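This is work20.cif (mmCIF, C-alpha atoms; chains and numbers go by the auth columns).
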data_final
loop_
_atom_site.group_PDB
_atom_site.id
_atom_site.type_symbol
_atom_site.label_atom_id
_atom_site.label_comp_id
_atom_site.label_asym_id
_atom_site.label_seq_id
_atom_site.Cartn_x
_atom_site.Cartn_y
_atom_site.Cartn_z
_atom_site.B_iso_or_equiv
_atom_site.auth_seq_id
_atom_site.auth_asym_id
ATOM 1 C CA MET A 1 -62.206 97.735 -7.812 0.00 847 A
ATOM 2 C CA ILE A 2 -64.247 95.247 -9.802 0.00 848 A
ATOM 3 C CA HIS A 3 -61.269 94.536 -12.101 0.00 849 A
ATOM 4 C CA ALA A 4 -59.072 93.964 -9.115 0.00 850 A
ATOM 5 C CA LYS A 5 -61.490 91.425 -7.676 0.00 851 A
ATOM 6 C CA LEU A 6 -61.759 89.606 -11.019 0.00 852 A
ATOM 7 C CA SER A 7 -57.998 89.417 -11.242 0.00 853 A
ATOM 8 C CA LEU A 8 -57.762 87.926 -7.771 0.00 854 A
ATOM 9 C CA ILE A 9 -60.488 85.408 -8.571 0.00 855 A
ATOM 10 C CA THR A 10 -58.718 84.444 -11.810 0.00 856 A
ATOM 11 C CA ILE A 11 -55.370 83.960 -10.096 0.00 857 A
ATOM 12 C CA PHE A 12 -56.958 81.895 -7.330 0.00 858 A
ATOM 13 C CA THR A 13 -58.838 79.697 -9.804 0.00 859 A
ATOM 14 C CA TRP A 14 -55.712 79.096 -11.957 0.00 860 A
ATOM 15 C CA SER A 15 -53.641 78.253 -8.918 0.00 861 A
ATOM 16 C CA SER A 16 -56.230 75.684 -7.808 0.00 862 A
ATOM 17 C CA PHE A 17 -56.265 74.120 -11.259 0.00 863 A
ATOM 18 C CA VAL A 18 -52.463 73.779 -11.316 0.00 864 A
ATOM 19 C CA MET A 19 -52.445 72.174 -7.877 0.00 865 A
ATOM 20 C CA ALA A 20 -55.145 69.682 -8.927 0.00 866 A
ATOM 21 C CA GLY A 21 -53.575 68.552 -12.280 0.00 867 A
ATOM 22 C CA GLY A 22 -50.406 66.460 -11.799 0.00 868 A
ATOM 23 C CA ASP A 23 -49.321 66.834 -15.419 0.00 869 A
ATOM 24 C CA LEU A 24 -48.642 70.501 -15.178 0.00 870 A
ATOM 25 C CA ILE A 25 -46.340 70.343 -12.150 0.00 871 A
ATOM 26 C CA PRO A 26 -42.698 70.765 -13.225 0.00 872 A
ATOM 27 C CA VAL A 27 -40.459 67.687 -12.742 0.00 873 A
ATOM 28 C CA VAL A 28 -37.424 68.052 -10.528 0.00 874 A
ATOM 29 C CA PRO A 29 -34.161 67.255 -12.435 0.00 875 A
ATOM 30 C CA TYR A 30 -32.991 64.494 -10.063 0.00 876 A
ATOM 31 C CA GLU A 31 -36.272 62.616 -10.670 0.00 877 A
ATOM 32 C CA VAL A 32 -35.480 62.549 -14.405 0.00 878 A
ATOM 33 C CA GLU A 33 -32.027 61.100 -13.635 0.00 879 A
ATOM 34 C CA ASP A 34 -33.580 58.325 -11.543 0.00 880 A
ATOM 35 C CA VAL A 35 -35.941 57.347 -14.381 0.00 881 A
ATOM 36 C CA GLU A 36 -33.135 57.293 -16.959 0.00 882 A
ATOM 37 C CA ALA A 37 -30.911 55.250 -14.624 0.00 883 A
ATOM 38 C CA SER A 38 -33.623 52.655 -14.134 0.00 884 A
ATOM 39 C CA LYS A 39 -33.939 52.271 -17.921 0.00 885 A
ATOM 40 C CA ALA A 40 -30.168 51.789 -18.272 0.00 886 A
ATOM 41 C CA VAL A 41 -30.005 48.845 -15.853 0.00 887 A
ATOM 42 C CA GLU A 42 -29.285 45.643 -17.783 0.00 888 A
ATOM 43 C CA VAL A 43 -31.296 42.649 -16.665 0.00 889 A
ATOM 44 C CA THR A 44 -29.267 39.434 -16.876 0.00 890 A
ATOM 45 C CA THR A 45 -30.892 36.043 -17.170 0.00 891 A
ATOM 46 C CA PRO A 46 -29.474 33.384 -14.834 0.00 892 A
ATOM 47 C CA PRO A 47 -27.859 30.431 -16.611 0.00 893 A
ATOM 48 C CA THR A 48 -30.173 27.568 -17.386 0.00 894 A
ATOM 49 C CA SER A 49 -29.463 23.882 -17.170 0.00 895 A
ATOM 50 C CA LYS A 50 -28.681 23.866 -20.907 0.00 896 A
ATOM 51 C CA ASN A 51 -25.597 26.025 -20.270 0.00 897 A
ATOM 52 C CA ILE A 52 -24.196 23.734 -17.547 0.00 898 A
ATOM 53 C CA THR A 53 -21.928 20.921 -18.675 0.00 899 A
ATOM 54 C CA SER A 54 -22.619 17.763 -16.715 0.00 900 A
ATOM 55 C CA VAL A 55 -19.634 15.859 -15.310 0.00 901 A
ATOM 56 C CA SER A 56 -19.924 12.119 -14.859 0.00 902 A
ATOM 57 C CA LEU A 57 -18.627 10.692 -11.586 0.00 903 A
ATOM 58 C CA SER A 58 -16.983 7.906 -13.534 0.00 904 A
ATOM 59 C CA ASP A 59 -14.886 10.482 -15.433 0.00 905 A
ATOM 60 C CA VAL A 60 -13.674 11.951 -12.141 0.00 906 A
ATOM 61 C CA ASP A 61 -13.093 8.852 -10.038 0.00 907 A
ATOM 62 C CA GLU A 62 -11.916 6.413 -12.673 0.00 908 A
ATOM 63 C CA SER A 63 -8.515 4.766 -12.169 0.00 909 A
ATOM 64 C CA PRO A 64 -6.368 2.926 -14.762 0.00 910 A
ATOM 65 C CA PHE A 65 -5.793 -0.004 -12.347 0.00 911 A
ATOM 66 C CA TYR A 66 -7.696 -3.275 -12.490 0.00 912 A
ATOM 67 C CA VAL A 67 -7.506 -6.692 -10.862 0.00 913 A
ATOM 68 C CA GLY A 68 -8.656 -10.088 -12.042 0.00 914 A
ATOM 69 C CA PHE A 69 -9.240 -13.587 -10.711 0.00 915 A
ATOM 70 C CA GLY A 70 -10.120 -16.793 -12.494 0.00 916 A
ATOM 71 C CA ILE A 71 -9.468 -20.461 -13.150 0.00 917 A
ATOM 72 C CA THR A 72 -6.875 -21.827 -15.534 0.00 918 A
ATOM 73 C CA SER A 73 -6.415 -25.133 -17.304 0.00 919 A
ATOM 74 C CA ALA A 74 -2.764 -25.928 -18.042 0.00 920 A
ATOM 75 C CA GLN A 75 -1.300 -28.540 -20.308 0.00 921 A
ATOM 76 C CA TYR A 76 2.153 -30.114 -20.018 0.00 922 A
ATOM 77 C CA LYS A 77 2.907 -31.704 -23.380 0.00 923 A
ATOM 78 C CA THR A 78 6.093 -33.632 -24.177 0.00 924 A
ATOM 79 C CA THR A 79 5.573 -34.262 -27.885 0.00 925 A
ATOM 80 C CA CYS A 80 9.043 -32.955 -28.636 0.00 926 A
ATOM 81 C CA ASN A 81 12.476 -34.240 -29.567 0.00 927 A
ATOM 82 C CA CYS A 82 13.556 -34.421 -25.934 0.00 928 A
ATOM 83 C CA SER A 83 15.962 -37.246 -25.153 0.00 929 A
ATOM 84 C CA GLY A 84 14.812 -39.631 -22.443 0.00 930 A
ATOM 85 C CA ILE A 85 11.239 -38.310 -22.342 0.00 931 A
ATOM 86 C CA ASN A 86 8.289 -40.303 -23.566 0.00 932 A
ATOM 87 C CA SER A 87 5.523 -38.482 -25.383 0.00 933 A
ATOM 88 C CA ILE A 88 2.882 -37.613 -22.791 0.00 934 A
ATOM 89 C CA THR A 89 0.288 -34.939 -22.097 0.00 935 A
ATOM 90 C CA ASP A 90 -0.577 -33.866 -18.572 0.00 936 A
ATOM 91 C CA LYS A 91 -3.507 -31.573 -17.810 0.00 937 A
ATOM 92 C CA THR A 92 -3.861 -29.612 -14.602 0.00 938 A
ATOM 93 C CA LEU A 93 -6.309 -27.124 -13.140 0.00 939 A
ATOM 94 C CA GLY A 94 -5.586 -24.110 -10.938 0.00 940 A
ATOM 95 C CA ALA A 95 -6.235 -20.463 -10.087 0.00 941 A
ATOM 96 C CA VAL A 96 -4.913 -17.339 -11.809 0.00 942 A
ATOM 97 C CA VAL A 97 -4.603 -13.836 -10.307 0.00 943 A
ATOM 98 C CA LYS A 98 -3.638 -10.715 -12.234 0.00 944 A
ATOM 99 C CA ILE A 99 -3.275 -6.976 -11.751 0.00 945 A
ATOM 100 C CA GLY A 100 -2.992 -4.481 -14.576 0.00 946 A
ATOM 101 C CA TYR A 101 -2.580 -0.831 -15.510 0.00 947 A
ATOM 102 C CA ASP A 102 -3.972 0.705 -18.693 0.00 948 A
ATOM 103 C CA PHE A 103 -1.911 3.617 -19.999 0.00 949 A
ATOM 104 C CA ASN A 104 -4.737 4.315 -22.452 0.00 950 A
ATOM 105 C CA LYS A 105 -7.266 2.289 -24.446 0.00 951 A
ATOM 106 C CA TYR A 106 -4.518 0.991 -26.739 0.00 952 A
ATOM 107 C CA LEU A 107 -1.759 -0.150 -24.375 0.00 953 A
ATOM 108 C CA GLY A 108 -1.393 -1.512 -20.873 0.00 954 A
ATOM 109 C CA MET A 109 0.791 -3.603 -18.581 0.00 955 A
ATOM 110 C CA GLU A 110 -0.182 -6.698 -16.652 0.00 956 A
ATOM 111 C CA ALA A 111 1.384 -8.907 -13.995 0.00 957 A
ATOM 112 C CA ARG A 112 -0.106 -12.338 -13.470 0.00 958 A
ATOM 113 C CA GLY A 113 0.585 -15.584 -11.702 0.00 959 A
ATOM 114 C CA PHE A 114 -1.039 -18.946 -11.140 0.00 960 A
ATOM 115 C CA VAL A 115 -0.565 -22.334 -9.511 0.00 961 A
ATOM 116 C CA THR A 116 -2.083 -25.652 -10.609 0.00 962 A
ATOM 117 C CA PRO A 117 -2.375 -27.967 -7.602 0.00 963 A
ATOM 118 C CA VAL A 118 -4.789 -30.269 -9.434 0.00 964 A
ATOM 119 C CA LYS A 119 -2.869 -32.771 -11.604 0.00 965 A
ATOM 120 C CA SER A 120 -3.702 -35.842 -13.684 0.00 966 A
ATOM 121 C CA ASP A 121 -0.366 -37.430 -14.561 0.00 967 A
ATOM 122 C CA GLY A 122 2.119 -35.997 -12.112 0.00 968 A
ATOM 123 C CA SER A 123 3.078 -32.411 -12.974 0.00 969 A
ATOM 124 C CA GLU A 124 2.249 -29.271 -10.997 0.00 970 A
ATOM 125 C CA ILE A 125 2.946 -25.828 -12.476 0.00 971 A
ATOM 126 C CA GLN A 126 3.867 -22.506 -10.879 0.00 972 A
ATOM 127 C CA HIS A 127 4.052 -19.466 -13.128 0.00 973 A
ATOM 128 C CA TYR A 128 4.306 -15.682 -12.771 0.00 974 A
ATOM 129 C CA GLY A 129 5.420 -12.863 -15.041 0.00 975 A
ATOM 130 C CA SER A 130 5.044 -9.307 -16.323 0.00 976 A
ATOM 131 C CA PHE A 131 3.643 -8.466 -19.747 0.00 977 A
ATOM 132 C CA ILE A 132 3.149 -5.628 -22.182 0.00 978 A
ATOM 133 C CA LYS A 133 -0.496 -5.630 -23.237 0.00 979 A
ATOM 134 C CA PRO A 134 -1.489 -4.103 -26.604 0.00 980 A
ATOM 135 C CA ILE A 135 -5.267 -3.580 -26.793 0.00 981 A
ATOM 136 C CA TYR A 136 -7.616 -3.394 -29.778 0.00 982 A
ATOM 137 C CA SER A 137 -11.296 -2.434 -29.561 0.00 983 A
ATOM 138 C CA VAL A 138 -13.296 -5.045 -31.473 0.00 984 A
ATOM 139 C CA ALA A 139 -16.757 -3.731 -30.610 0.00 985 A
ATOM 140 C CA ASP A 140 -18.527 -1.646 -28.012 0.00 986 A
ATOM 141 C CA ARG A 141 -17.350 -3.028 -24.617 0.00 987 A
ATOM 142 C CA VAL A 142 -15.293 -5.799 -26.284 0.00 988 A
ATOM 143 C CA ASN A 143 -11.486 -5.642 -26.491 0.00 989 A
ATOM 144 C CA ALA A 144 -8.953 -8.069 -27.912 0.00 990 A
ATOM 145 C CA TYR A 145 -5.489 -7.981 -26.389 0.00 991 A
ATOM 146 C CA GLY A 146 -2.066 -9.521 -26.675 0.00 992 A
ATOM 147 C CA LEU A 147 0.459 -10.480 -24.009 0.00 993 A
ATOM 148 C CA CYS A 148 4.227 -10.465 -24.422 0.00 994 A
ATOM 149 C CA GLY A 149 6.765 -10.438 -21.614 0.00 995 A
ATOM 150 C CA LEU A 150 9.107 -12.307 -19.305 0.00 996 A
ATOM 151 C CA ALA A 151 7.945 -15.028 -16.928 0.00 997 A
ATOM 152 C CA LYS A 152 9.230 -17.595 -14.460 0.00 998 A
ATOM 153 C CA THR A 153 7.853 -21.121 -14.837 0.00 999 A
ATOM 154 C CA LYS A 154 8.487 -24.108 -12.601 0.00 1000 A
ATOM 155 C CA THR A 155 7.041 -27.596 -12.592 0.00 1001 A
ATOM 156 C CA LYS A 156 7.326 -30.435 -10.126 0.00 1002 A
ATOM 157 C CA GLY A 157 6.057 -33.988 -10.010 0.00 1003 A
ATOM 158 C CA SER A 158 6.825 -37.360 -11.558 0.00 1004 A
ATOM 159 C CA LEU A 159 7.399 -35.922 -15.052 0.00 1005 A
ATOM 160 C CA LYS A 160 10.539 -34.146 -16.201 0.00 1006 A
ATOM 161 C CA ASN A 161 10.737 -30.935 -14.197 0.00 1007 A
ATOM 162 C CA VAL A 162 11.079 -27.509 -15.794 0.00 1008 A
ATOM 163 C CA ASN A 163 12.590 -24.483 -14.088 0.00 1009 A
ATOM 164 C CA VAL A 164 13.043 -21.664 -16.600 0.00 1010 A
ATOM 165 C CA SER A 165 12.799 -17.889 -17.003 0.00 1011 A
ATOM 166 C CA GLY A 166 12.189 -16.454 -20.432 0.00 1012 A
ATOM 167 C CA LEU A 167 9.800 -15.256 -23.093 0.00 1013 A
ATOM 168 C CA ALA A 168 6.066 -15.850 -22.588 0.00 1014 A
ATOM 169 C CA PHE A 169 3.243 -14.679 -24.814 0.00 1015 A
ATOM 170 C CA GLY A 170 -0.490 -14.996 -25.339 0.00 1016 A
ATOM 171 C CA ALA A 171 -3.738 -13.388 -26.457 0.00 1017 A
ATOM 172 C CA GLY A 172 -7.284 -12.960 -25.191 0.00 1018 A
ATOM 173 C CA VAL A 173 -10.562 -11.059 -25.185 0.00 1019 A
ATOM 174 C CA GLU A 174 -12.300 -9.065 -22.471 0.00 1020 A
ATOM 175 C CA TYR A 175 -15.860 -7.841 -22.136 0.00 1021 A
ATOM 176 C CA ALA A 176 -16.867 -4.938 -19.872 0.00 1022 A
ATOM 177 C CA ILE A 177 -20.112 -5.718 -18.032 0.00 1023 A
ATOM 178 C CA SER A 178 -20.775 -2.628 -15.919 0.00 1024 A
ATOM 179 C CA ARG A 179 -18.798 0.050 -17.736 0.00 1025 A
ATOM 180 C CA GLU A 180 -20.139 2.614 -20.185 0.00 1026 A
ATOM 181 C CA SER A 181 -19.458 2.364 -23.894 0.00 1027 A
ATOM 182 C CA GLU A 182 -15.940 2.387 -25.291 0.00 1028 A
ATOM 183 C CA LYS A 183 -16.648 5.755 -26.919 0.00 1029 A
ATOM 184 C CA GLU A 184 -17.494 7.387 -23.597 0.00 1030 A
ATOM 185 C CA VAL A 185 -14.784 6.168 -21.229 0.00 1031 A
ATOM 186 C CA GLU A 186 -11.207 5.102 -21.728 0.00 1032 A
ATOM 187 C CA HIS A 187 -10.607 2.593 -18.956 0.00 1033 A
ATOM 188 C CA LYS A 188 -12.403 -0.483 -17.704 0.00 1034 A
ATOM 189 C CA LYS A 189 -14.203 0.872 -14.647 0.00 1035 A
ATOM 190 C CA GLY A 190 -16.494 -1.740 -13.107 0.00 1036 A
ATOM 191 C CA PHE A 191 -16.802 -5.486 -13.628 0.00 1037 A
ATOM 192 C CA GLY A 192 -15.787 -7.452 -16.693 0.00 1038 A
ATOM 193 C CA VAL A 193 -14.984 -10.961 -17.859 0.00 1039 A
ATOM 194 C CA PHE A 194 -11.963 -12.292 -19.747 0.00 1040 A
ATOM 195 C CA ALA A 195 -10.723 -15.393 -21.546 0.00 1041 A
ATOM 196 C CA ASP A 196 -7.154 -15.851 -22.779 0.00 1042 A
ATOM 197 C CA TYR A 197 -4.458 -18.240 -23.911 0.00 1043 A
ATOM 198 C CA GLU A 198 -0.815 -18.161 -22.804 0.00 1044 A
ATOM 199 C CA ARG A 199 2.332 -20.052 -23.807 0.00 1045 A
ATOM 200 C CA LEU A 200 4.202 -20.105 -20.513 0.00 1046 A
ATOM 201 C CA TYR A 201 7.634 -20.087 -22.078 0.00 1047 A
ATOM 202 C CA TYR A 202 9.182 -20.673 -25.448 0.00 1048 A
ATOM 203 C CA LYS A 203 12.303 -22.710 -26.133 0.00 1049 A
ATOM 204 C CA LYS A 204 13.202 -24.918 -29.050 0.00 1050 A
ATOM 205 C CA ASN A 205 13.058 -28.685 -28.434 0.00 1051 A
ATOM 206 C CA SER A 206 11.482 -28.236 -25.023 0.00 1052 A
ATOM 207 C CA VAL A 207 8.193 -29.334 -23.497 0.00 1053 A
ATOM 208 C CA ASP A 208 5.121 -27.283 -24.329 0.00 1054 A
ATOM 209 C CA LEU A 209 3.369 -25.529 -21.453 0.00 1055 A
ATOM 210 C CA ASP A 210 0.089 -23.860 -22.410 0.00 1056 A
ATOM 211 C CA THR A 211 -2.833 -22.462 -20.448 0.00 1057 A
ATOM 212 C CA LEU A 212 -6.410 -21.382 -21.056 0.00 1058 A
ATOM 213 C CA SER A 213 -7.856 -19.038 -18.432 0.00 1059 A
ATOM 214 C CA VAL A 214 -11.278 -17.508 -17.791 0.00 1060 A
ATOM 215 C CA GLY A 215 -12.336 -15.170 -15.017 0.00 1061 A
ATOM 216 C CA VAL A 216 -13.640 -11.814 -13.875 0.00 1062 A
ATOM 217 C CA THR A 217 -11.974 -8.412 -13.598 0.00 1063 A
ATOM 218 C CA TYR A 218 -12.739 -5.225 -11.718 0.00 1064 A
ATOM 219 C CA GLY A 219 -11.509 -1.786 -12.823 0.00 1065 A
ATOM 220 C CA PHE A 220 -11.218 0.972 -10.189 0.00 1066 A
#
Turn this file's structure into structure tokens for me.
Amino acid sequence: MIHAKLSLITIFTWSSFVMAGGDLIPVVPYEVEDVEASKAVEVTTPPTSKNITSVSLSDVDESPFYVGFGITSAQYKTTCNCSGINSITDKTLGAVVKIGYDFNKYLGMEARGFVTPVKSDGSEIQHYGSFIKPIYSVADRVNAYGLCGLAKTKTKGSLKNVNVSGLAFGAGVEYAISRESEKEVEHKKGFGVFADYERLYYKKNSVDLDTLSVGVTYGF
């Protein structure tokens, strides 16, 4: 009887100890699976600003078109072997307008025209034409360019009148004021300034018609 009581007391005490100590309670298999699954989850780090490539609005919105406006000084010079014409030089002043398209930073096209209502010795000039425009980058924001194309030129006044269509050519420089550097963008977005020379037409033993123009441009 005494042994039976001791056995009951021992069993009761051991059962209480097992219930009180969490480490001795067997773990259910699905709990082990949950722990292993939580360890297997891969934590991904969201991309930082270093991994995002910035896009400039000028790269998206930039257009190869540009327009320009300025003043031009033209010279009508008759120092040639032209029968019946005395040697004389007439200088006039007028306005020039142009619109252009840059295929890339090396080549473009340009249409331009001007009138010279201001005259000194009796000759007014009207001129318009289309030109191929090779471009060369001289420095950051500075380009040199050439002009070669076909143009219509007409004069009127007291001097010998000219009304011809033919070859015209010239050269100039342009400086981009509000654009980024030449290395960063290809076209002339924003404001710029230009200065150029143009021979209005070329023909042997004819009067010389030359212009110098300065003005501003805006690239879209």
> Taking into account all atoms listed in the file, which residue in the set A:Gly940, A:Gly1003, A:Gly946, A:Gly1038 is nearest to Val988 in chain A?
Replying inline: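 Smallest separation from Val988 in chain A among the options: A:Gly1038.
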> Exactly which residues make up the result of the PyMOL selection byres ((chain A and resi 996) around 6) on this file, given as a list of chain:residue names?
Replying inline: A:Gly975, A:Ser976, A:Gly995, A:Ala997, A:Gly1012, A:Leu1013, A:Ala1014
> Which one of A:Tyr1048, A:Phe977, A:Tyr982, A:Phe960 sits closest to Tyr947 in chain A if you count only C-alpha atoms?
Replying inline: A:Phe977
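Among the candidates A:Leu1005, A:Met955, A:Val984, A:Leu993, the one nearest to Ile971 in chain A when counting all atoms listed in the file is A:Leu1005.
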>> Suppose a student applies the PyMOL selection byres ((chain A and resi 1054) around 9) to this structure; what residues should they get, written as a PyMOL selection string?
In response: chain A and resi 921-926+1045-1049+1052-1053+1055-1056
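The space separating CA of Val961 in chain A from CA of Lys937 in chain A comes to 12.8 Å.
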> Within 7 Å of (-6.6, -23.4, -13.2), in the coordinates the file gives, what residues turn up when you count all atoms listed in the file, written out as a list in words?
Replying inline: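 Returned residue set, sorted by chain then number, is Ile917, Thr918, Ser919, Ala920, Thr938, Leu939, Gly940, Ala941, Val942, Thr962 and Ser1059 of chain A.
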> Contacts of Gly1065 in chain A at 10 Å or less, counting all atoms listed in the file, minus same-chain residues fewer than 5 places along, as a ChimeraX atom specification?
Replying inline: /A:908-914,945-948,1022,1024-1025,1033-1038
>> Let me make sure I understand: among A:Ser969, A:Tyr991, A:Ala985, A:Gly916, which one has the smallest atom-to-atom distance to Ile934 in chain A if we use all atoms listed in the file?
In response: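 Selected residue with least distance to Ile934 in chain A: A:Ser969.
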